[in-house]
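Trainee: This is the content of model-v8.txt (compact mmCIF, C-alpha atoms and all ligand atoms):
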```
# COMPACT_ATOMS: atom_id res chain seq x y z
CA MET A 1 0.30 5.60 -18.81
CA ILE A 2 1.74 3.83 -15.74
CA ASP A 3 0.59 2.27 -12.46
CA LEU A 4 2.82 2.59 -9.40
CA HIS A 5 0.62 0.84 -6.82
CA CYS A 6 -0.78 -2.70 -6.88
CA HIS A 7 -0.87 -5.88 -4.80
CA SER A 8 -0.33 -9.59 -5.39
CA PHE A 9 -1.27 -12.55 -3.20
CA HIS A 10 1.98 -12.01 -1.31
CA SER A 11 -0.03 -9.46 0.66
CA ASP A 12 -3.76 -8.90 0.22
CA GLY A 13 -4.28 -9.12 -3.53
CA THR A 14 -5.45 -12.23 -5.36
CA ASP A 15 -3.11 -12.45 -8.39
CA ALA A 16 0.23 -14.22 -8.67
CA PRO A 17 3.02 -11.63 -9.03
CA GLU A 18 4.16 -13.13 -12.33
CA ARG A 19 0.71 -12.55 -13.86
CA LEU A 20 0.56 -8.80 -13.19
CA PRO A 21 3.16 -7.74 -15.82
CA HIS A 22 1.11 -9.49 -18.50
CA PHE A 23 -2.15 -7.83 -17.40
CA ALA A 24 -0.29 -4.51 -17.55
CA GLU A 25 0.99 -5.22 -21.04
CA ALA A 26 -2.50 -6.17 -22.23
CA ILE A 27 -3.91 -2.77 -21.18
CA GLY A 28 -0.97 -0.82 -22.61
CA LEU A 29 0.81 0.35 -19.45
CA THR A 30 4.43 1.46 -19.90
CA ALA A 31 5.46 0.82 -16.27
CA LEU A 32 4.11 -1.10 -13.28
CA ALA A 33 5.29 -1.22 -9.65
CA LEU A 34 4.32 -4.05 -7.30
CA THR A 35 3.77 -2.64 -3.79
CA ASP A 36 2.69 -5.44 -1.45
CA HIS A 37 2.17 -4.55 2.23
CA ASP A 38 5.15 -5.20 4.53
CA THR A 39 6.92 -7.56 2.12
CA VAL A 40 9.15 -7.77 -0.94
CA ASP A 41 8.56 -11.51 -1.33
CA GLY A 42 6.57 -11.15 -4.55
CA LEU A 43 9.23 -9.06 -6.27
CA PRO A 44 11.57 -11.80 -7.58
CA ALA A 45 8.77 -13.55 -9.50
CA PHE A 46 7.37 -10.20 -10.67
CA LEU A 47 10.71 -8.79 -11.87
CA ALA A 48 11.66 -12.10 -13.52
CA GLN A 49 8.98 -11.36 -16.14
CA GLN A 50 10.91 -8.31 -17.43
CA PRO A 51 12.40 -10.11 -20.48
CA PHE A 52 8.91 -11.13 -21.62
CA VAL A 53 7.10 -7.77 -21.48
CA LYS A 54 7.68 -4.24 -22.79
CA VAL A 55 6.24 -2.76 -19.55
CA ARG A 56 8.96 -1.51 -17.20
CA LEU A 57 8.70 -3.52 -13.99
CA LEU A 58 9.56 -1.67 -10.79
CA ALA A 59 10.14 -2.79 -7.23
CA GLY A 60 8.05 -1.40 -4.40
CA THR A 61 6.38 -2.02 -1.05
CA GLU A 62 3.74 -0.36 1.17
CA LEU A 63 4.34 0.17 4.90
CA SER A 64 1.79 1.22 7.55
CA CYS A 65 2.75 4.12 9.83
CA HIS A 66 1.23 5.84 12.80
CA PHE A 67 0.45 9.52 12.19
CA MET A 68 -1.99 11.88 13.97
CA GLY A 69 -3.47 8.91 15.86
CA LYS A 70 -4.30 6.98 12.68
CA SER A 71 -2.79 4.61 10.17
CA LEU A 72 -0.97 6.30 7.28
CA HIS A 73 0.35 4.21 4.40
CA VAL A 74 3.74 4.91 2.85
CA LEU A 75 4.97 3.54 -0.47
CA GLY A 76 8.62 2.65 -0.90
CA LEU A 77 9.15 2.78 -4.65
CA LEU A 78 12.36 1.57 -6.32
CA VAL A 79 13.66 -0.17 -3.19
CA ASP A 80 16.38 -2.75 -3.73
CA PRO A 81 14.56 -6.11 -3.38
CA HIS A 82 17.85 -7.77 -2.36
CA ASP A 83 18.72 -5.35 0.46
CA ALA A 84 19.39 -7.66 3.43
CA ARG A 85 18.86 -5.02 6.14
CA PHE A 86 15.51 -3.99 4.64
CA ALA A 87 14.44 -7.66 4.41
CA LYS A 88 15.28 -8.11 8.10
CA ARG A 89 13.34 -5.00 9.05
CA LEU A 90 10.31 -6.30 7.14
CA VAL A 91 10.50 -9.61 9.03
CA GLU A 92 10.23 -7.63 12.29
CA LEU A 93 7.29 -5.67 10.88
CA ARG A 94 5.50 -8.87 9.90
CA SER A 95 6.01 -10.34 13.37
CA ARG A 96 4.15 -7.30 14.78
CA ARG A 97 1.38 -8.06 12.26
CA GLU A 98 1.24 -11.71 13.41
CA ASP A 99 0.96 -10.55 17.00
CA ARG A 100 -1.91 -8.24 15.97
CA ASN A 101 -3.61 -11.10 14.15
CA GLN A 102 -3.61 -13.24 17.30
CA ARG A 103 -5.09 -10.39 19.34
CA LEU A 104 -7.60 -9.68 16.57
CA LEU A 105 -8.80 -13.29 16.61
CA ALA A 106 -9.13 -13.22 20.41
CA ARG A 107 -11.12 -9.97 20.14
CA LEU A 108 -13.49 -11.48 17.56
CA ASN A 109 -14.01 -14.60 19.65
CA GLY A 110 -14.65 -12.32 22.65
CA LEU A 111 -17.32 -10.53 20.59
CA GLY A 112 -19.01 -13.89 20.03
CA VAL A 113 -17.76 -14.33 16.45
CA SER A 114 -16.61 -17.91 16.09
CA LEU A 115 -13.58 -18.18 13.83
CA THR A 116 -10.33 -20.14 13.89
CA PHE A 117 -6.88 -19.12 12.77
CA GLU A 118 -6.90 -22.04 10.30
CA ALA A 119 -10.04 -20.68 8.65
CA ILE A 120 -8.32 -17.31 8.16
CA GLN A 121 -5.13 -18.92 6.84
CA ALA A 122 -7.16 -20.93 4.34
CA GLU A 123 -8.13 -17.63 2.65
CA ALA A 124 -4.53 -16.55 2.02
CA ASP A 125 -2.15 -17.76 -0.69
CA SER A 126 0.95 -16.60 1.18
CA PRO A 127 2.06 -16.48 4.83
CA LEU A 128 1.10 -12.82 5.21
CA ILE A 129 -2.30 -12.51 6.88
CA SER A 130 -4.20 -9.27 6.39
CA ARG A 131 -7.59 -8.09 7.62
CA VAL A 132 -8.83 -8.87 4.11
CA HIS A 133 -8.28 -12.58 4.79
CA VAL A 134 -10.17 -12.27 8.08
CA ALA A 135 -13.00 -10.58 6.16
CA LYS A 136 -13.04 -13.38 3.58
CA ALA A 137 -13.13 -16.05 6.30
CA LEU A 138 -16.15 -14.27 7.80
CA VAL A 139 -17.86 -14.33 4.39
CA THR A 140 -17.03 -18.04 3.95
CA SER A 141 -18.46 -18.82 7.41
CA GLY A 142 -21.64 -16.94 6.48
CA THR A 143 -21.20 -14.26 9.17
CA PHE A 144 -21.26 -11.51 6.51
CA GLY A 145 -22.43 -11.37 2.91
CA THR A 146 -19.47 -9.44 1.47
CA ILE A 147 -15.91 -8.39 2.34
CA GLN A 148 -17.11 -4.78 2.35
CA GLU A 149 -19.83 -5.58 4.90
CA ALA A 150 -17.28 -7.30 7.16
CA PHE A 151 -15.17 -4.11 7.10
CA SER A 152 -18.01 -1.65 7.55
CA LYS A 153 -19.60 -3.56 10.44
CA LEU A 154 -16.65 -5.15 12.20
CA LEU A 155 -13.08 -4.89 10.91
CA GLY A 156 -12.72 -1.38 9.49
CA ASP A 157 -10.69 1.31 11.27
CA GLY A 158 -12.49 2.35 14.46
CA LYS A 159 -14.99 -0.55 14.33
CA PRO A 160 -15.38 -2.99 17.28
CA GLY A 161 -13.24 -5.70 15.67
CA CYS A 162 -10.38 -3.40 14.65
CA VAL A 163 -7.23 -4.14 16.65
CA PRO A 164 -4.36 -1.76 15.97
CA ARG A 165 -0.85 -3.08 15.49
CA GLU A 166 2.39 -1.45 16.49
CA GLU A 167 3.24 0.74 13.51
CA LEU A 168 6.30 2.64 12.32
CA SER A 169 6.64 6.39 12.56
CA PRO A 170 6.71 8.11 9.16
CA LYS A 171 10.32 9.07 9.91
CA GLU A 172 11.33 5.45 10.49
CA ALA A 173 9.52 4.29 7.35
CA ALA A 174 11.20 7.00 5.26
CA LEU A 175 14.61 6.08 6.64
CA TRP A 176 14.11 2.35 6.02
CA ILE A 177 13.01 3.02 2.44
CA ARG A 178 15.88 5.46 1.73
CA GLU A 179 18.41 3.09 3.23
CA ALA A 180 17.09 0.42 0.85
CA GLY A 181 17.65 2.79 -2.07
CA GLY A 182 13.97 3.67 -2.54
CA VAL A 183 11.80 6.79 -2.54
CA PRO A 184 9.24 7.24 0.31
CA LEU A 185 5.84 8.55 -0.81
CA VAL A 186 2.64 8.99 1.20
CA ALA A 187 0.01 6.62 -0.23
CA HIS A 188 -3.56 7.87 -0.87
CA PRO A 189 -3.59 10.89 1.52
CA GLY A 190 -7.22 11.43 0.48
CA ARG A 191 -8.15 8.15 2.16
CA PHE A 192 -6.34 9.10 5.39
CA ALA A 193 -8.37 12.28 5.84
CA GLY A 194 -11.49 13.39 3.99
CA PRO A 195 -11.82 16.17 1.42
CA SER A 196 -12.29 18.93 4.01
CA PHE A 197 -8.89 18.29 5.62
CA ARG A 198 -6.31 21.00 4.84
CA TRP A 199 -3.13 19.10 4.07
CA ASP A 200 -0.63 21.95 3.81
CA GLU A 201 0.68 21.74 7.38
CA ALA A 202 0.45 17.96 7.78
CA MET A 203 2.19 17.30 4.47
CA THR A 204 4.90 19.84 5.30
CA GLU A 205 5.47 17.92 8.54
CA LEU A 206 5.60 14.63 6.63
CA ARG A 207 8.14 16.15 4.26
CA GLN A 208 10.28 17.07 7.28
CA GLU A 209 10.00 13.44 8.41
CA GLY A 210 11.46 12.37 5.06
CA MET A 211 8.58 11.90 2.61
CA ALA A 212 9.57 12.86 -0.94
CA GLY A 213 6.00 13.19 -2.15
CA PHE A 214 2.59 11.59 -2.28
CA GLU A 215 -0.04 9.97 -4.47
CA THR A 216 -1.85 12.74 -6.33
CA VAL A 217 -3.60 10.33 -8.71
CA TYR A 218 -5.25 7.33 -7.05
CA GLY A 219 -7.68 4.56 -7.95
CA ASP A 220 -10.35 5.73 -5.49
CA TYR A 221 -10.05 9.51 -6.01
CA GLY A 222 -12.62 11.59 -7.80
CA PRO A 223 -11.57 14.49 -10.06
CA GLN A 224 -11.77 17.06 -7.24
CA GLU A 225 -9.44 15.14 -4.94
CA GLU A 226 -7.00 14.64 -7.79
CA ALA A 227 -7.03 18.36 -8.61
CA TYR A 228 -6.54 19.26 -4.94
CA PHE A 229 -3.57 16.92 -4.42
CA ARG A 230 -1.93 17.84 -7.73
CA ALA A 231 -2.10 21.52 -6.80
CA LEU A 232 -0.75 20.74 -3.31
CA ALA A 233 2.26 18.87 -4.73
CA ASP A 234 2.96 21.78 -7.02
CA ARG A 235 2.68 24.28 -4.15
CA LEU A 236 4.95 22.30 -1.83
CA GLY A 237 7.36 21.27 -4.57
CA MET A 238 6.89 17.59 -3.72
CA VAL A 239 7.13 14.54 -5.97
CA GLU A 240 3.91 13.09 -7.44
CA SER A 241 3.05 9.42 -7.58
CA GLY A 242 -0.01 7.59 -8.79
CA GLY A 243 -1.58 4.18 -8.97
CA SER A 244 -4.70 2.08 -8.95
CA ASP A 245 -4.18 0.12 -5.68
CA TYR A 246 -5.39 -2.93 -7.60
CA HIS A 247 -6.01 -5.95 -5.29
CA GLY A 248 -7.60 -8.38 -7.79
CA HIS A 249 -10.88 -9.84 -6.52
CA ASN A 250 -10.20 -8.53 -3.01
CA LYS A 251 -11.09 -4.99 -4.14
CA PRO A 252 -13.91 -5.43 -6.64
CA GLY A 253 -14.32 -2.57 -9.11
CA VAL A 254 -10.70 -1.41 -8.95
CA ALA A 255 -8.94 -2.10 -12.27
CA LEU A 256 -5.21 -2.33 -12.84
CA GLY A 257 -4.06 0.95 -14.39
CA GLY A 258 -7.50 2.59 -14.19
CA GLY A 259 -8.70 2.22 -10.60
CA ARG A 260 -12.41 2.68 -9.96
CA LYS A 261 -13.22 5.48 -12.40
CA GLY A 262 -10.53 5.34 -15.05
CA ILE A 263 -7.53 7.32 -13.77
CA ARG A 264 -4.48 7.99 -15.94
CA VAL A 265 -1.09 8.18 -14.24
CA PRO A 266 1.33 10.11 -16.46
CA ASP A 267 4.78 8.66 -17.28
CA ALA A 268 6.30 11.93 -16.05
CA PHE A 269 5.52 10.90 -12.45
CA LEU A 270 8.05 8.09 -12.71
CA GLU A 271 10.66 10.45 -14.14
CA GLY A 272 10.19 12.72 -11.11
CA ILE A 273 10.53 9.79 -8.72
CA GLU A 274 13.69 8.59 -10.45
CA ARG A 275 15.18 12.10 -10.36
CA ASN A 276 14.49 12.22 -6.62
CA GLN A 277 16.13 8.82 -6.15
CA ALA A 278 19.18 9.84 -8.18
CA ARG A 279 19.65 13.11 -6.28
CA GLY A 280 20.30 11.13 -3.11
CA ASP A 281 20.20 14.28 -0.93
CA TRP A 282 17.71 12.91 1.55
CA ASN A 283 19.74 13.04 4.75
P1 LIG A 301 -4.10 -4.92 7.59
O1 LIG A 301 -2.85 -4.44 6.90
O2 LIG A 301 -4.06 -6.38 7.89
O3 LIG A 301 -4.48 -4.09 8.76
O4 LIG A 301 -5.27 -4.77 6.52
C1 LIG A 301 -5.41 -3.57 5.85
C2 LIG A 301 -6.02 -3.86 4.49
O5 LIG A 301 -7.40 -4.13 4.64
C3 LIG A 301 -5.95 -2.64 3.61
O6 LIG A 301 -4.75 -2.58 2.88
C4 LIG A 301 -7.12 -2.85 2.69
O7 LIG A 301 -6.76 -3.72 1.64
C5 LIG A 301 -8.12 -3.54 3.58
N1 LIG A 301 -9.10 -2.60 4.15
C6 LIG A 301 -8.94 -1.80 5.23
N2 LIG A 301 -10.07 -1.11 5.49
C7 LIG A 301 -10.96 -1.47 4.55
C8 LIG A 301 -12.32 -1.12 4.26
N3 LIG A 301 -12.98 -0.24 5.03
N4 LIG A 301 -12.90 -1.72 3.21
C9 LIG A 301 -12.24 -2.61 2.45
N5 LIG A 301 -10.98 -2.99 2.65
C10 LIG A 301 -10.32 -2.43 3.68
MN MN A 302 -4.29 -3.62 0.88
MN MN A 303 -2.82 1.54 1.35
MN MN A 304 -2.13 -0.50 -1.38
```
Spell out the structure here as structure tokens.

Mentor:
Amino acid sequence: MIDLHCHSFHSDGTDAPERLPHFAEAIGLTALALTDHDTVDGLPAFLAQQPFVKVRLLAGTELSCHFMGKSLHVLGLLVDPHDARFAKRLVELRSRREDRNQRLLARLNGLGVSLTFEAIQAEADSPLISRVHVAKALVTSGTFGTIQEAFSKLLGDGKPGCVPREELSPKEAALWIREAGGVPLVAHPGRFAGPSFRWDEAMTELRQEGMAGFETVYGDYGPQEEAYFRALADRLGMVESGGSDYHGHNKPGVALGGGRKGIRVPDAFLEGIERNQARGDWN
């Protein structure tokens, strides 16, 4: 059993990257990938734990893309954490995020929500500021009772306080990830569009843009979604990935390895991803 999707405090999780391998070992995982948003900064500390655990530790990241008018997340598994061009591209991506954060704060103030940038920063353990940290600051200030309430009433996609940022195209994200030696995989397609959405055409398009596969097993999926996406991967001949999307205390109820309802990601998924990486016929 493996987990190919989790976050540390280098993006919007709450755990130190060097702690995660030990949590994984304690629950009997055989492999774990760290996939922080828009950064590889947590990877050195994470990978440095390899001599001390039996769990295979894998590099990863998660990039936000623009697709069909919405935000689509893409995992870059097995990227080279020392790739200088990739690191530079991520710096550019984070500067777009910082620009969004400034506009987001102005929007909130305009809506009559009093909040300072310092209060948001105080909620983060790394320089990367995510909407989760804004949500936490709003809980600290007493504006909302929970992070979830802050998202459902103000910050969530399509809500009054949601300010989009300039995002990559799926094609760009796939190219960046491939050029860094990794495998591009669509994260949690079931969260992008609900259960009634027919993915055949959209996923075929995403494959043409360079996606090798997608998450068929995911921390928030129910059994029906999992069955649907596993069958789709089989039908399209695409690679399967799976993970919990563990964020520590920032996503209560989602456990490392098991997600919300006790998923099991088979080791064979990683073998498929590694075969895809080794083939190197992505151009
Ligand atoms: P950002 O990358 O700064 O736009 O923030 C996106 C992050 O906010 C996601 O990765 C989730 O961790 C979190 N998030 C987005 N929407 C929600 C939601 N409706 N409920 C809880 N967390 C959310
Ligand atoms: Mn997140
Ligand atoms: Mn995501
Ligand atoms: Mn994630």

Trainee: For region 149-160 of chain A, work out the shell of residues within 9 Å, counting only C-alpha atoms and skipping chain neighbours fewer than 4 positions away, then give it as a PyMOL selection string.

Mentor: chain A and resi 70-71+107-108+111+131-132+134-136+138-139+143-145+164

Trainee: Name the closest residue to Gly182 (chain A) among the candidates A:Ala212, A:Ala137, A:Val254, A:Leu232; distances are taken between atoms, counting only C-alpha atoms.

Mentor: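 Closest to Gly182 (chain A) of all the choices is A:Ala212.
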
Trainee: Excluding region 237-247 of chain A and its own-chain neighbours fewer than 4 positions away, which residues fall within 7 Å of it when counting all atoms listed in the file? Please give them as number ranges by chain.

Mentor: A: 3-8, 12-14, 212-219, 233, 251, 254-259, 265, 269, 272-273

Trainee: Please determine, counting all atoms listed in the file, which residue among A:Val163, A:Leu78, A:Phe86, A:Ile27 has the shortest atom-to-atom distance to Glu271 (chain A).

Mentor: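 Among A:Val163, A:Leu78, A:Phe86, A:Ile27, it is A:Leu78 that comes nearest to Glu271 (chain A).
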
Trainee: Select, from A:Asp36, A:Glu225, A:Glu166, A:Glu18, the residue with the minimum atom-to-atom distance to Pro51 (chain A), counting all atoms listed in the file.

Mentor: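 Between A:Asp36, A:Glu225, A:Glu166, A:Glu18, the residue approaching Pro51 (chain A) most closely is A:Glu18.
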
Trainee: With all atoms listed in the file as the basis for distance, which of A:Gly76, A:Gly210, A:Gly28, A:Pro81 is at the shortest distance from ligand MN 304 (chain A)?

Mentor: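 Smallest separation from ligand MN 304 (chain A) among the options: A:Gly76.
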
Trainee: Using all atoms listed in the file, find each residue with an atom at most 10 Å away from ligand MN 303 (chain A) and format the answer as a ChimeraX atom specification.

Mentor: /A:5-7,35-37,62-64,71-75,186-189,191-192,245

Trainee: Find the residue from A:Gly161, A:Gly190, A:Arg260, A:Gly280 that sits nearest to Gly110 (chain A); use only C-alpha atoms when measuring.

Mentor: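 Smallest distance to Gly110 (chain A) is found for A:Gly161.
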
Trainee: Looking at A:Leu236, A:Ala193, A:Ala227, A:Leu90, which one is nearest to Met68 (chain A), with distances taken over only C-alpha atoms?

Mentor: A:Ala193

Trainee: Please enclose the listed atoms of ligand LIG 301 (chain A) in an axis-aligned box, pad each side by 6 Å, and write out the centre and the three edge lengths in Å, rounded to one decimal, as lines of an AutoDock Vina configuration file.

Mentor:
```
center_x = -7.9
center_y = -3.3
center_z = 5.2
size_x = 22.1
size_y = 18.1
size_z = 19.1
```

Trainee: Do you have the atom MN of ligand MN 302 (chain A)-CA of Asp234 (chain A) distance handy?

Mentor: 27.6 Å

Trainee: Between atom C1 of ligand LIG 301 (chain A) and CA of Ala106 (chain A), what is the spacing in Å?

Mentor: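 Interatomic distance here is 17.9 Å.
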
Trainee: Any idea what the distance is between CA of Leu128 (chain A) and atom N5 of ligand LIG 301 (chain A)?

Mentor: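 If I compute the distance from CA of Leu128 (chain A) to atom N5 of ligand LIG 301 (chain A), I get 15.8 Å.
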
Trainee: Determine, counting only C-alpha atoms, which protein, DNA and RNA residues have an atom within 12 Å of an atom of Ala26 (chain A); residues of the same chain fewer than 6 positions away are not included. Present the result as a PyMOL selection string.

Mentor: chain A and resi 19-20+53-55+256-257

Trainee: Quick one: write out the picked residues with C-alpha atoms as a PDB file, keeping the file's coordinate frame?

Mentor:
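The resulting again37.pdb:
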```pdb
ATOM      1  CA  ARG A  19       0.710 -12.550 -13.860  1.00  0.00           C
ATOM      2  CA  LEU A  20       0.560  -8.800 -13.190  1.00  0.00           C
ATOM      3  CA  VAL A  53       7.100  -7.770 -21.480  1.00  0.00           C
ATOM      4  CA  LYS A  54       7.680  -4.240 -22.790  1.00  0.00           C
ATOM      5  CA  VAL A  55       6.240  -2.760 -19.550  1.00  0.00           C
ATOM      6  CA  LEU A 256      -5.210  -2.330 -12.840  1.00  0.00           C
ATOM      7  CA  GLY A 257      -4.060   0.950 -14.390  1.00  0.00           C
TER       8      GLY A 257
END
```
